[in-house]
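Chemist: Take a look at data.pdb, PDB, C-alpha atoms:
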```pdb
ATOM      1  CA  MET P 282      35.353  11.087  15.196
ATOM      2  CA  ASP P 283      37.185   9.429  18.044
ATOM      3  CA  PRO P 284      34.601   7.492  20.085
ATOM      4  CA  GLU P 285      37.116   7.265  22.927
ATOM      5  CA  ALA P 286      37.433  11.044  23.289
ATOM      6  CA  PHE P 287      35.896  11.905  26.641
ATOM      7  CA  VAL P 288      36.720  15.510  27.382
ATOM      8  CA  ASP P 289      35.124  17.772  29.939
ATOM      9  CA  ALA P 290      32.561  19.607  27.849
ATOM     10  CA  GLY P 291      31.663  21.978  30.652
ATOM     11  CA  VAL P 292      28.439  20.088  31.286
ATOM     12  CA  PRO P 293      27.673  18.357  34.608
ATOM     13  CA  HIS P 294      28.578  14.674  34.295
ATOM     14  CA  GLY P 295      29.605  15.394  30.716
ATOM     15  CA  GLU P 296      32.334  12.776  30.620
ATOM     16  CA  LEU P 297      29.967  10.092  31.919
ATOM     17  CA  LEU P 298      27.317  11.082  29.417
ATOM     18  CA  LEU P 299      29.813  10.832  26.564
ATOM     19  CA  ARG P 300      31.077   7.466  27.797
ATOM     20  CA  PHE P 301      27.523   6.168  28.016
ATOM     21  CA  ALA P 302      26.586   7.463  24.550
ATOM     22  CA  SER P 303      29.683   5.928  22.963
ATOM     23  CA  ALA P 304      29.265   2.621  24.775
ATOM     24  CA  ALA P 305      25.631   2.308  23.728
ATOM     25  CA  GLN P 306      26.314   3.413  20.182
ATOM     26  CA  LEU P 307      29.178   0.983  19.722
ATOM     27  CA  GLY P 308      27.717  -1.875  21.758
ATOM     28  CA  SER P 309      30.751  -1.746  23.998
ATOM     29  CA  PRO P 310      31.388  -4.494  26.569
ATOM     30  CA  ASP P 311      31.570  -1.861  29.294
ATOM     31  CA  LEU P 312      28.064  -0.554  28.570
ATOM     32  CA  GLY P 313      26.717  -2.111  31.760
ATOM     33  CA  ALA P 314      29.352  -0.521  33.961
ATOM     34  CA  THR P 315      28.972   2.811  32.194
ATOM     35  CA  ARG P 316      25.197   2.663  32.609
ATOM     36  CA  ALA P 317      25.558   1.961  36.318
ATOM     37  CA  ALA P 318      27.973   4.844  36.784
ATOM     38  CA  LEU P 319      25.741   7.278  34.925
ATOM     39  CA  GLY P 320      22.657   6.099  36.793
ATOM     40  CA  ALA P 321      24.410   6.741  40.090
ATOM     41  CA  ALA P 322      25.291  10.245  38.932
ATOM     42  CA  VAL P 323      22.058  11.441  37.312
ATOM     43  CA  GLY P 324      19.458   9.112  38.817
ATOM     44  CA  PRO P 325      17.091   6.665  37.155
ATOM     45  CA  ASP P 326      15.056   9.335  35.352
ATOM     46  CA  GLY P 327      18.210  10.936  33.985
ATOM     47  CA  LEU P 328      19.436   7.560  32.797
ATOM     48  CA  ILE P 329      16.151   6.932  30.972
ATOM     49  CA  GLU P 330      16.375  10.364  29.341
ATOM     50  CA  ALA P 331      19.934   9.680  28.212
ATOM     51  CA  ALA P 332      18.890   6.318  26.770
ATOM     52  CA  ALA P 333      15.913   7.943  25.058
ATOM     53  CA  THR P 334      18.161  10.589  23.513
ATOM     54  CA  ILE P 335      20.597   8.001  22.210
ATOM     55  CA  ALA P 336      17.694   5.992  20.826
ATOM     56  CA  ILE P 337      15.849   8.792  19.077
ATOM     57  CA  PHE P 338      18.994  10.146  17.460
ATOM     58  CA  ASN P 339      19.661   6.693  16.069
ATOM     59  CA  GLY P 340      16.359   7.165  14.291
ATOM     60  CA  LEU P 341      16.850  10.816  13.365
ATOM     61  CA  VAL P 342      20.149  10.189  11.587
ATOM     62  CA  ARG P 343      18.511   7.401   9.580
ATOM     63  CA  VAL P 344      15.481   9.383   8.426
ATOM     64  CA  ALA P 345      17.704  12.366   7.608
ATOM     65  CA  ASP P 346      20.322  10.416   5.667
ATOM     66  CA  GLY P 347      17.877   7.879   4.247
ATOM     67  CA  THR P 348      15.628  10.498   2.674
ATOM     68  CA  GLY P 349      18.368  12.880   1.535
ATOM     69  CA  ILE P 350      16.992  15.988   3.188
ATOM     70  CA  GLN P 351      18.805  19.239   2.663
ATOM     71  CA  LEU P 352      20.091  21.541   5.354
ATOM     72  CA  ASP P 353      17.355  23.968   6.296
ATOM     73  CA  ASN P 354      17.390  27.503   5.014
ATOM     74  CA  GLY P 355      19.751  29.524   7.140
ATOM     75  CA  THR P 356      21.549  26.546   8.661
ATOM     76  CA  LEU P 357      24.231  26.305   5.993
ATOM     77  CA  ALA P 358      25.560  29.801   6.676
ATOM     78  CA  ASP P 359      25.017  29.619  10.438
ATOM     79  CA  SER P 360      27.004  26.402  10.766
ATOM     80  CA  ALA P 361      29.868  27.080   8.374
ATOM     81  CA  ASP P 362      32.486  27.909  11.005
ATOM     82  CA  TYR P 363      31.874  25.035  13.389
ATOM     83  CA  ARG P 364      31.283  22.523  10.618
ATOM     84  CA  ASP P 365      34.778  23.268   9.422
ATOM     85  CA  ARG P 366      36.326  23.212  12.907
ATOM     86  CA  LEU P 367      34.619  19.956  13.853
ATOM     87  CA  GLY P 368      35.318  18.210  10.568
ATOM     88  CA  VAL P 369      31.628  17.770   9.770
ATOM     89  CA  ASP P 370      32.199  18.818   6.165
ATOM     90  CA  THR P 371      34.219  15.616   5.684
ATOM     91  CA  PHE P 372      31.195  13.411   6.479
ATOM     92  CA  GLY P 373      29.933  11.436   3.504
ATOM     93  CA  GLY P 374      26.522  13.054   3.617
ATOM     94  CA  ALA P 375      28.040  16.453   2.871
ATOM     95  CA  ALA P 376      28.188  15.402  -0.768
ATOM     96  CA  ASN P 377      24.385  15.222  -0.845
ATOM     97  CA  VAL P 378      23.846  18.806   0.265
ATOM     98  CA  GLU P 379      22.786  21.612  -2.034
ATOM     99  CA  LEU P 380      24.969  24.591  -1.151
ATOM    100  CA  SER P 381      22.730  27.332  -2.514
ATOM    101  CA  VAL P 382      19.901  27.202   0.008
ATOM    102  CA  ALA P 383      18.400  30.464   1.232
ATOM    103  CA  ALA P 384      20.009  32.325   4.103
ATOM    104  CA  ASN P 385      16.881  32.781   6.193
ATOM    105  CA  ARG P 386      14.761  30.161   7.861
ATOM    106  CA  GLY P 387      11.108  29.996   6.908
ATOM    107  CA  TYR P 388      10.007  28.834  10.357
ATOM    108  CA  SER P 389      10.686  29.636  13.998
ATOM    109  CA  VAL P 390      12.729  27.410  16.298
ATOM    110  CA  ALA P 391       9.502  26.577  18.107
ATOM    111  CA  ASP P 392       8.232  25.062  14.871
ATOM    112  CA  PHE P 393      11.352  22.981  14.267
ATOM    113  CA  PHE P 394       9.576  19.736  15.006
ATOM    114  CA  GLY P 395       6.229  21.056  13.822
TER
ATOM    115  CA  MET D  47       1.665  11.233  32.800
ATOM    116  CA  THR D  48       5.350  11.639  33.616
ATOM    117  CA  ALA D  49       7.887  12.193  30.843
ATOM    118  CA  ASN D  50       9.282   8.709  31.236
ATOM    119  CA  ALA D  51       5.789   7.234  31.188
ATOM    120  CA  GLU D  52       5.235   9.077  27.903
ATOM    121  CA  ILE D  53       8.426   7.534  26.544
ATOM    122  CA  ALA D  54       7.201   4.081  27.526
ATOM    123  CA  ALA D  55       3.736   4.675  26.071
ATOM    124  CA  SER D  56       5.046   5.938  22.746
ATOM    125  CA  ARG D  57       7.389   2.963  22.508
ATOM    126  CA  GLU D  58       4.488   0.558  22.963
ATOM    127  CA  GLN D  59       2.462   2.460  20.365
ATOM    128  CA  ALA D  60       5.361   2.340  17.912
ATOM    129  CA  ARG D  61       5.889  -1.370  18.501
ATOM    130  CA  ALA D  62       2.211  -2.006  17.791
ATOM    131  CA  ALA D  63       2.363   0.240  14.727
ATOM    132  CA  LEU D  64       5.285  -1.730  13.286
ATOM    133  CA  ALA D  65       3.371  -4.969  13.804
ATOM    134  CA  GLY D  66       0.329  -3.733  11.918
ATOM    135  CA  PRO D  67      -0.312  -2.678   8.332
ATOM    136  CA  GLY D  68       1.296   0.607   7.412
ATOM    137  CA  ASP D  69       1.105   2.865   4.400
ATOM    138  CA  TRP D  70       2.192   0.490   1.646
ATOM    139  CA  LEU D  71       3.574  -2.464   3.605
ATOM    140  CA  THR D  72       1.665  -5.166   5.465
ATOM    141  CA  GLY D  73       2.311  -5.937   9.103
ATOM    142  CA  ALA D  74       4.245  -9.041   8.089
ATOM    143  CA  GLN D  75       6.465  -6.948   5.803
ATOM    144  CA  ARG D  76       7.099  -4.351   8.486
ATOM    145  CA  VAL D  77       8.021  -6.988  11.079
ATOM    146  CA  ASP D  78      10.249  -8.642   8.498
ATOM    147  CA  GLY D  79      11.905  -5.262   7.961
ATOM    148  CA  TRP D  80      12.514  -5.009  11.701
ATOM    149  CA  HIS D  81      14.087  -8.474  11.582
ATOM    150  CA  GLU D  82      16.410  -7.274   8.811
ATOM    151  CA  VAL D  83      17.382  -4.231  10.883
ATOM    152  CA  ARG D  84      18.567  -6.617  13.571
ATOM    153  CA  ASP D  85      20.355  -8.804  11.045
ATOM    154  CA  ALA D  86      22.227  -5.774   9.678
ATOM    155  CA  ALA D  87      24.179  -5.488  12.939
ATOM    156  CA  THR D  88      26.043  -8.714  12.221
ATOM    157  CA  ASN D  89      25.513  -9.244   8.479
ATOM    158  CA  ARG D  90      28.734 -10.071   6.600
ATOM    159  CA  LEU D  91      27.965  -7.973   3.520
ATOM    160  CA  ASP D  92      27.011  -4.974   5.622
ATOM    161  CA  ARG D  93      30.197  -5.263   7.646
ATOM    162  CA  GLU D  94      32.373  -5.499   4.567
ATOM    163  CA  ARG D  95      30.672  -2.454   3.054
ATOM    164  CA  LYS D  96      30.998  -0.528   6.302
ATOM    165  CA  GLN D  97      34.725  -1.230   6.446
ATOM    166  CA  ALA D  98      35.360  -0.443   2.776
ATOM    167  CA  LEU D  99      36.553   2.949   1.622
ATOM    168  CA  SER D 100      33.488   2.994  -0.607
ATOM    169  CA  PRO D 101      30.498   0.716   0.095
ATOM    170  CA  ALA D 102      29.864   0.507  -3.652
ATOM    171  CA  SER D 103      33.233  -1.226  -4.097
ATOM    172  CA  VAL D 104      32.000  -4.366  -2.325
ATOM    173  CA  ALA D 105      30.283  -6.863  -4.605
ATOM    174  CA  GLY D 106      27.152  -8.688  -3.536
ATOM    175  CA  GLU D 107      23.529  -8.059  -2.760
ATOM    176  CA  HIS D 108      21.011  -9.010  -0.141
ATOM    177  CA  ASP D 109      18.585 -11.807  -0.904
ATOM    178  CA  ALA D 110      14.855 -11.290  -0.923
ATOM    179  CA  THR D 111      12.951 -12.661   2.058
ATOM    180  CA  ALA D 112       9.555 -14.297   2.146
ATOM    181  CA  GLU D 113       8.008 -10.868   2.628
ATOM    182  CA  LEU D 114      10.401  -8.327   1.129
ATOM    183  CA  SER D 115      12.046  -7.949  -2.273
ATOM    184  CA  SER D 116      15.818  -7.818  -2.629
ATOM    185  CA  ALA D 117      15.600  -4.059  -3.212
ATOM    186  CA  ALA D 118      13.563  -3.587  -0.049
ATOM    187  CA  VAL D 119      16.004  -5.651   1.999
ATOM    188  CA  GLU D 120      18.879  -3.617   0.567
ATOM    189  CA  VAL D 121      17.230  -0.352   1.646
ATOM    190  CA  VAL D 122      16.681  -1.605   5.181
ATOM    191  CA  HIS D 123      20.232  -2.934   5.514
ATOM    192  CA  ARG D 124      21.978   0.156   4.169
ATOM    193  CA  VAL D 125      19.867   2.595   6.167
ATOM    194  CA  ALA D 126      20.391   0.489   9.275
ATOM    195  CA  SER D 127      24.112  -0.178   8.917
ATOM    196  CA  ASP D 128      25.717   2.759   7.099
ATOM    197  CA  PRO D 129      23.287   5.668   6.685
ATOM    198  CA  GLY D 130      25.948   8.368   6.607
ATOM    199  CA  ARG D 131      27.318   7.217   3.250
ATOM    200  CA  LEU D 132      24.125   6.858   1.262
ATOM    201  CA  THR D 133      24.086   8.703  -2.041
ATOM    202  CA  ARG D 134      21.381  10.127  -4.261
ATOM    203  CA  ALA D 135      22.321   7.672  -7.035
ATOM    204  CA  TRP D 136      21.884   4.712  -4.690
ATOM    205  CA  ALA D 137      18.566   6.063  -3.444
ATOM    206  CA  GLU D 138      17.232   6.781  -6.930
ATOM    207  CA  LYS D 139      18.025   3.234  -8.019
ATOM    208  CA  HIS D 140      15.958   1.823  -5.178
ATOM    209  CA  ILE D 141      13.190   4.408  -5.453
ATOM    210  CA  ASP D 142      12.864   3.405  -9.112
ATOM    211  CA  ALA D 143      12.546  -0.228  -8.035
ATOM    212  CA  LEU D 144      10.185   0.272  -5.095
ATOM    213  CA  GLY D 145       8.393   3.551  -5.664
ATOM    214  CA  ALA D 146       8.979   6.587  -3.463
ATOM    215  CA  PRO D 147       6.212   5.822  -0.931
ATOM    216  CA  MET D 148       7.433   2.288  -0.217
ATOM    217  CA  TYR D 149      11.057   3.449  -0.090
ATOM    218  CA  THR D 150      10.049   6.135   2.419
ATOM    219  CA  GLU D 151       8.139   3.660   4.543
ATOM    220  CA  LEU D 152      11.102   1.283   4.622
ATOM    221  CA  VAL D 153      13.306   4.131   5.851
ATOM    222  CA  GLY D 154      10.705   4.878   8.521
ATOM    223  CA  VAL D 155      10.369   1.272   9.622
ATOM    224  CA  THR D 156      14.148   1.034   9.872
ATOM    225  CA  ALA D 157      14.385   4.213  11.926
ATOM    226  CA  ILE D 158      11.588   3.234  14.311
ATOM    227  CA  ALA D 159      13.063  -0.231  14.806
ATOM    228  CA  ALA D 160      16.460   1.336  15.481
ATOM    229  CA  VAL D 161      14.948   3.619  18.129
ATOM    230  CA  LEU D 162      13.132   0.791  19.895
ATOM    231  CA  ASP D 163      16.074  -1.602  19.909
ATOM    232  CA  THR D 164      18.639   1.055  20.790
ATOM    233  CA  PHE D 165      16.601   2.175  23.793
ATOM    234  CA  ASP D 166      16.367  -1.389  25.047
ATOM    235  CA  LEU D 167      20.124  -1.789  24.660
ATOM    236  CA  ALA D 168      21.042   1.541  26.216
ATOM    237  CA  SER D 169      18.621   1.352  29.131
ATOM    238  CA  GLY D 170      19.492  -2.244  29.939
ATOM    239  CA  ALA D 171      15.930  -3.402  29.445
ATOM    240  CA  GLY D 172      17.077  -6.192  27.141
ATOM    241  CA  ARG D 173      15.996  -6.968  23.616
ATOM    242  CA  ARG D 174      12.374  -7.987  23.166
ATOM    243  CA  GLU D 175      11.130 -10.599  20.759
ATOM    244  CA  LEU D 176       9.697  -9.224  17.546
ATOM    245  CA  PRO D 177       5.917  -8.774  17.677
ATOM    246  CA  GLU D 178       3.530 -11.033  15.821
ATOM    247  CA  PRO D 179       2.329  -9.347  12.624
ATOM    248  CA  VAL D 180      -1.243  -8.093  12.590
ATOM    249  CA  GLU D 181      -3.239  -8.774   9.464
ATOM    250  CA  GLY D 182      -4.833  -6.001   7.472
ATOM    251  CA  ALA D 183      -4.442  -3.922   4.358
ATOM    252  CA  PRO D 184      -2.019  -0.975   4.105
ATOM    253  CA  ALA D 185      -3.649   2.462   3.979
ATOM    254  CA  ARG D 186      -2.197   3.296   0.529
ATOM    255  CA  ILE D 187      -2.836   7.029   0.924
ATOM    256  CA  VAL D 188      -0.719   9.632  -0.859
ATOM    257  CA  PRO D 189      -1.098  12.924   1.009
ATOM    258  CA  PRO D 190      -2.139  15.766  -1.292
ATOM    259  CA  ASP D 191       0.312  18.278   0.146
ATOM    260  CA  VAL D 192       3.630  16.538  -0.585
ATOM    261  CA  GLY D 193       6.083  17.315  -3.343
ATOM    262  CA  ASP D 194       9.682  18.153  -4.148
ATOM    263  CA  VAL D 195      11.348  20.120  -1.350
ATOM    264  CA  GLY D 196      14.877  19.082  -2.275
ATOM    265  CA  ALA D 197      14.960  15.640  -0.644
ATOM    266  CA  TRP D 198      15.201  12.331  -2.481
ATOM    267  CA  ILE D 199      11.526  11.603  -1.864
ATOM    268  CA  PRO D 200       8.377  13.786  -1.759
ATOM    269  CA  GLN D 201       7.754  15.566   1.511
ATOM    270  CA  LYS D 202       5.277  18.043   2.953
ATOM    271  CA  LEU D 203       5.346  21.294   1.000
ATOM    272  CA  GLY D 204       5.860  24.710   2.501
ATOM    273  CA  PRO D 205       8.396  26.141   4.974
ATOM    274  CA  THR D 206       6.304  25.222   7.991
ATOM    275  CA  MET D 207       8.788  23.019   9.821
ATOM    276  CA  ALA D 208      12.381  21.835   9.624
ATOM    277  CA  ASN D 209      13.279  19.334   6.931
ATOM    278  CA  VAL D 210      14.045  16.620   9.477
ATOM    279  CA  SER D 211      10.495  16.956  10.800
ATOM    280  CA  ARG D 212       8.893  16.177   7.462
ATOM    281  CA  THR D 213      11.119  13.305   6.349
ATOM    282  CA  LEU D 214       8.304  10.753   6.572
ATOM    283  CA  SER D 215       5.404  13.074   5.776
ATOM    284  CA  GLY D 216       4.731  11.147   2.556
ATOM    285  CA  VAL D 217       3.719   8.067   4.586
ATOM    286  CA  PRO D 218       1.229   9.320   7.211
ATOM    287  CA  GLU D 219       0.695   6.045   9.093
ATOM    288  CA  THR D 220       4.406   5.540   9.645
ATOM    289  CA  ASN D 221       4.935   9.222  10.278
ATOM    290  CA  ALA D 222       2.429   9.269  13.135
ATOM    291  CA  ALA D 223       4.333   6.617  15.080
ATOM    292  CA  TRP D 224       7.642   8.252  14.241
ATOM    293  CA  ARG D 225       6.655  11.736  15.341
ATOM    294  CA  SER D 226       5.222  10.426  18.608
ATOM    295  CA  LEU D 227       8.598   8.868  19.348
ATOM    296  CA  VAL D 228      10.442  12.104  18.532
ATOM    297  CA  ASP D 229       8.126  14.140  20.720
ATOM    298  CA  SER D 230       8.289  11.852  23.755
ATOM    299  CA  HIS D 231      11.999  11.011  23.525
ATOM    300  CA  TYR D 232      13.332  14.475  22.745
ATOM    301  CA  SER D 233      11.428  17.527  21.515
ATOM    302  CA  ARG D 234       8.301  17.493  23.737
ATOM    303  CA  GLY D 235       6.222  19.983  21.834
ATOM    304  CA  ARG D 236       6.827  23.696  22.364
ATOM    305  CA  GLU D 237       9.401  22.924  25.053
ATOM    306  CA  PHE D 238      11.878  22.384  22.244
ATOM    307  CA  ALA D 239      12.171  26.154  21.790
ATOM    308  CA  GLU D 240      13.233  26.647  25.419
ATOM    309  CA  LEU D 241      16.926  26.723  26.248
ATOM    310  CA  THR D 242      16.235  25.528  29.785
ATOM    311  CA  TRP D 243      14.463  22.217  30.214
ATOM    312  CA  ASN D 244      12.806  21.117  33.440
ATOM    313  CA  ARG D 245      13.854  17.498  33.057
ATOM    314  CA  ALA D 246      16.123  15.083  34.860
ATOM    315  CA  LEU D 247      18.833  16.027  32.353
ATOM    316  CA  SER D 248      19.459  19.656  31.461
ATOM    317  CA  ARG D 249      19.294  20.717  27.852
ATOM    318  CA  PRO D 250      23.100  20.958  27.535
ATOM    319  CA  GLN D 251      23.398  17.426  28.924
ATOM    320  CA  THR D 252      20.826  16.124  26.459
ATOM    321  CA  GLU D 253      22.397  17.924  23.504
ATOM    322  CA  LEU D 254      25.832  16.595  24.460
ATOM    323  CA  VAL D 255      24.520  13.046  24.207
ATOM    324  CA  ALA D 256      22.751  13.852  20.933
ATOM    325  CA  ALA D 257      25.885  15.389  19.457
ATOM    326  CA  ARG D 258      27.966  12.323  20.320
ATOM    327  CA  VAL D 259      25.464   9.979  18.649
ATOM    328  CA  THR D 260      25.152  12.052  15.489
ATOM    329  CA  ALA D 261      28.933  12.493  15.250
ATOM    330  CA  LEU D 262      29.559   8.756  15.594
ATOM    331  CA  SER D 263      26.934   8.243  12.895
ATOM    332  CA  GLU D 264      28.646  10.898  10.740
ATOM    333  CA  CYS D 265      25.295  12.519  10.005
ATOM    334  CA  PHE D 266      25.873  15.773   8.111
ATOM    335  CA  TYR D 267      22.370  17.125   8.739
TER
END
```
Could you write out this structure as structure tokens?

Modeler:
Amino acid sequence: MDPEAFVDAGVPHGELLLRFASAAQLGSPDLGATRAALGAAVGPDGLIEAAATIAIFNGLVRVADGTGIQLDNGTLADSADYRDRLGVDTFGGAANVELSVAANRGYSVADFFG
Amino acid sequence: MTANAEIAASREQARAALAGPGDWLTGAQRVDGWHEVRDAATNRLDRERKQALSPASVAGEHDATAELSSAAVEVVHRVASDPGRLTRAWAEKHIDALGAPMYTELVGVTAIAAVLDTFDLASGAGRRELPEPVEGAPARIVPPDVGDVGAWIPQKLGPTMANVSRTLSGVPETNAAWRSLVDSHYSRGREFAELTWNRALSRPQTELVAARVTALSECFY
């Protein structure tokens, strides 16, 4: 994963959002300037939401990897093509995944976070 | 209450929860764990492991603190500094040493501390001092409905929610603070199922940020 890759993802202010996420994640010296630029683009509420997203996913990756959860039923098959294209299967945590999980989810998307 | 007010309120609740007694750890132990999360950002051993092809190839171990055993400090430091390369063998070694409930709580404390400190960094609010520990006894409750669902530690049984949502279900006190953070910072109840969000950021904007963070963390899940 190249933290300096800032492509247009087809999302409004996508490049700024990626720059902000990378700067915060890496503790980059230009975090302040990136924060100011994003705040000017999306407003103070948008900036808070971006910071909240970065923050909560710093927790989510730790509870997921720290407890060794498996991919949910259905996710393994659904994600096979883009996992391969994005190189996700090369992540270290892939070695912890049981590959024979069921093909169908046992819950609705609305129940994802319970 | 506005969405951003809910974020602020849940952060204060989580900060207070980390200062007080939890499931199996005292308030002093939880605050000490938070201190170790901060130390992991600059710790020499953690850096050497992070840079190594395999973290197991780097000799050394973390010392115990006044409040936490060496095994507990190791769990906090590895989960804080290099979570994407944890292995079942490493986890089982520390679960054997600590017990699954305490191991789970240490993961939760680490995650909550990471959320609180990362928000302060990202938003520009500035890092706060650690809270003073609150005295009291841990709850020491093992929920009756947890068991083996394929993770390294017991979690809530039944296909009622995604695995990531029940990671800390074996430690209810810690889980309550954790799930409040998740709800206020990201999922917001049933709104999670909607593809269009009525927020300052659109759902694609939010998911773009989330994807960048998880990719940099090399989180397979």

Chemist: Can you list what the PyMOL selection byres ((chain D and resi 181-197) around 8) grabs from this structure, as a list in words?

Modeler: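 Selection result, ordered by chain and number: Thr348, Gly349, Ile350 and Gln351 of chain P; Gly66, Pro67, Gly68, Asp69, Trp70, Leu71, Thr72, Gly73, Ala74, Pro147, Pro179, Val180, Trp198, Ile199, Pro200, Gln201, Lys202, Leu203, Ser215, Gly216, Val217, Pro218 and Glu219 of chain D.
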
Chemist: Given the PyMOL selection byres ((chain D and resi 228-240) around 10) and the file above, list the residues it selects as a ChimeraX atom specification.

Modeler: /P:329-338,340-341,389-395 /D:49-57,158,161,165,211,223-227,241-244,249,252-253,256

Chemist: Closest to D:Tyr149 among P:Ala302, P:Ala286, P:Ala318, P:Val344, using only C-alpha atoms?

Modeler: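 Answer, going by the shortest atom-to-atom distance: P:Val344.
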
Chemist: Leaving out D:Asp163 and any residue of its chain fewer than 3 positions from it, which residues lie within 9 Å of it when counting all atoms listed in the file, given as number ranges by chain?

Modeler: P: 336; D: 84, 158-160, 166-168, 172-174

Chemist: Ranking P:Ala314, P:Ala305, P:Val378, P:Leu357 by minimum distance to chain D and counting only C-alpha atoms, which one comes first?

Modeler: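 Selected residue with least distance to chain D: P:Ala305.
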
Chemist: Selection in question (the file shown): the PyMOL selection byres ((chain P and resi 317) around 12). Which residues does it include, as a PyMOL selection string?

Modeler: (chain P and resi 297-298+300-301+311-316+318-325+327-329) or (chain D and resi 168-170)

Chemist: Between atom CA of P:Leu307 and atom CA of D:Ser263, what is the distance, to one decimal in Å?

Modeler: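 That distance, rounded to one decimal, is 10.2 Å.
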
Chemist: As a CSV table (one decimal), keeping the file's coordinate frame, please: stretch 75-92 of chain D completed to N, CA and C atoms.

Modeler:
```csv
chain,number,residue,atom,x,y,z
D,75,GLN,N,5.3,-7.6,6.5
D,75,GLN,CA,6.5,-6.9,5.8
D,75,GLN,C,7.2,-6.0,6.8
D,76,ARG,N,6.5,-5.3,7.6
D,76,ARG,CA,7.1,-4.4,8.5
D,76,ARG,C,7.9,-5.1,9.6
D,77,VAL,N,7.3,-6.2,10.1
D,77,VAL,CA,8.0,-7.0,11.1
D,77,VAL,C,9.2,-7.6,10.4
D,78,ASP,N,9.1,-8.1,9.2
D,78,ASP,CA,10.2,-8.6,8.5
D,78,ASP,C,11.3,-7.6,8.3
D,79,GLY,N,10.9,-6.3,8.0
D,79,GLY,CA,11.9,-5.3,8.0
D,79,GLY,C,12.6,-5.1,9.3
D,80,TRP,N,11.9,-5.1,10.4
D,80,TRP,CA,12.5,-5.0,11.7
D,80,TRP,C,13.5,-6.1,11.9
D,81,HIS,N,13.2,-7.3,11.5
D,81,HIS,CA,14.1,-8.5,11.6
D,81,HIS,C,15.4,-8.2,10.8
D,82,GLU,N,15.2,-7.6,9.6
D,82,GLU,CA,16.4,-7.3,8.8
D,82,GLU,C,17.3,-6.2,9.4
D,83,VAL,N,16.6,-5.2,10.1
D,83,VAL,CA,17.4,-4.2,10.9
D,83,VAL,C,18.3,-4.9,11.9
D,84,ARG,N,17.8,-5.9,12.6
D,84,ARG,CA,18.6,-6.6,13.6
D,84,ARG,C,19.7,-7.4,12.9
D,85,ASP,N,19.4,-8.0,11.8
D,85,ASP,CA,20.4,-8.8,11.0
D,85,ASP,C,21.5,-7.9,10.6
D,86,ALA,N,21.2,-6.7,10.2
D,86,ALA,CA,22.2,-5.8,9.7
D,86,ALA,C,23.4,-5.6,10.7
D,87,ALA,N,23.1,-5.7,11.9
D,87,ALA,CA,24.2,-5.5,12.9
D,87,ALA,C,25.3,-6.5,12.8
D,88,THR,N,25.0,-7.7,12.3
D,88,THR,CA,26.0,-8.7,12.2
D,88,THR,C,26.2,-9.3,10.8
D,89,ASN,N,25.5,-8.7,9.8
D,89,ASN,CA,25.5,-9.2,8.5
D,89,ASN,C,26.9,-9.1,7.8
D,90,ARG,N,27.4,-10.1,7.2
D,90,ARG,CA,28.7,-10.1,6.6
D,90,ARG,C,28.9,-9.0,5.5
D,91,LEU,N,27.9,-9.0,4.6
D,91,LEU,CA,28.0,-8.0,3.5
D,91,LEU,C,27.9,-6.5,4.1
D,92,ASP,N,27.1,-6.3,5.0
D,92,ASP,CA,27.0,-5.0,5.6
D,92,ASP,C,28.3,-4.6,6.3
```
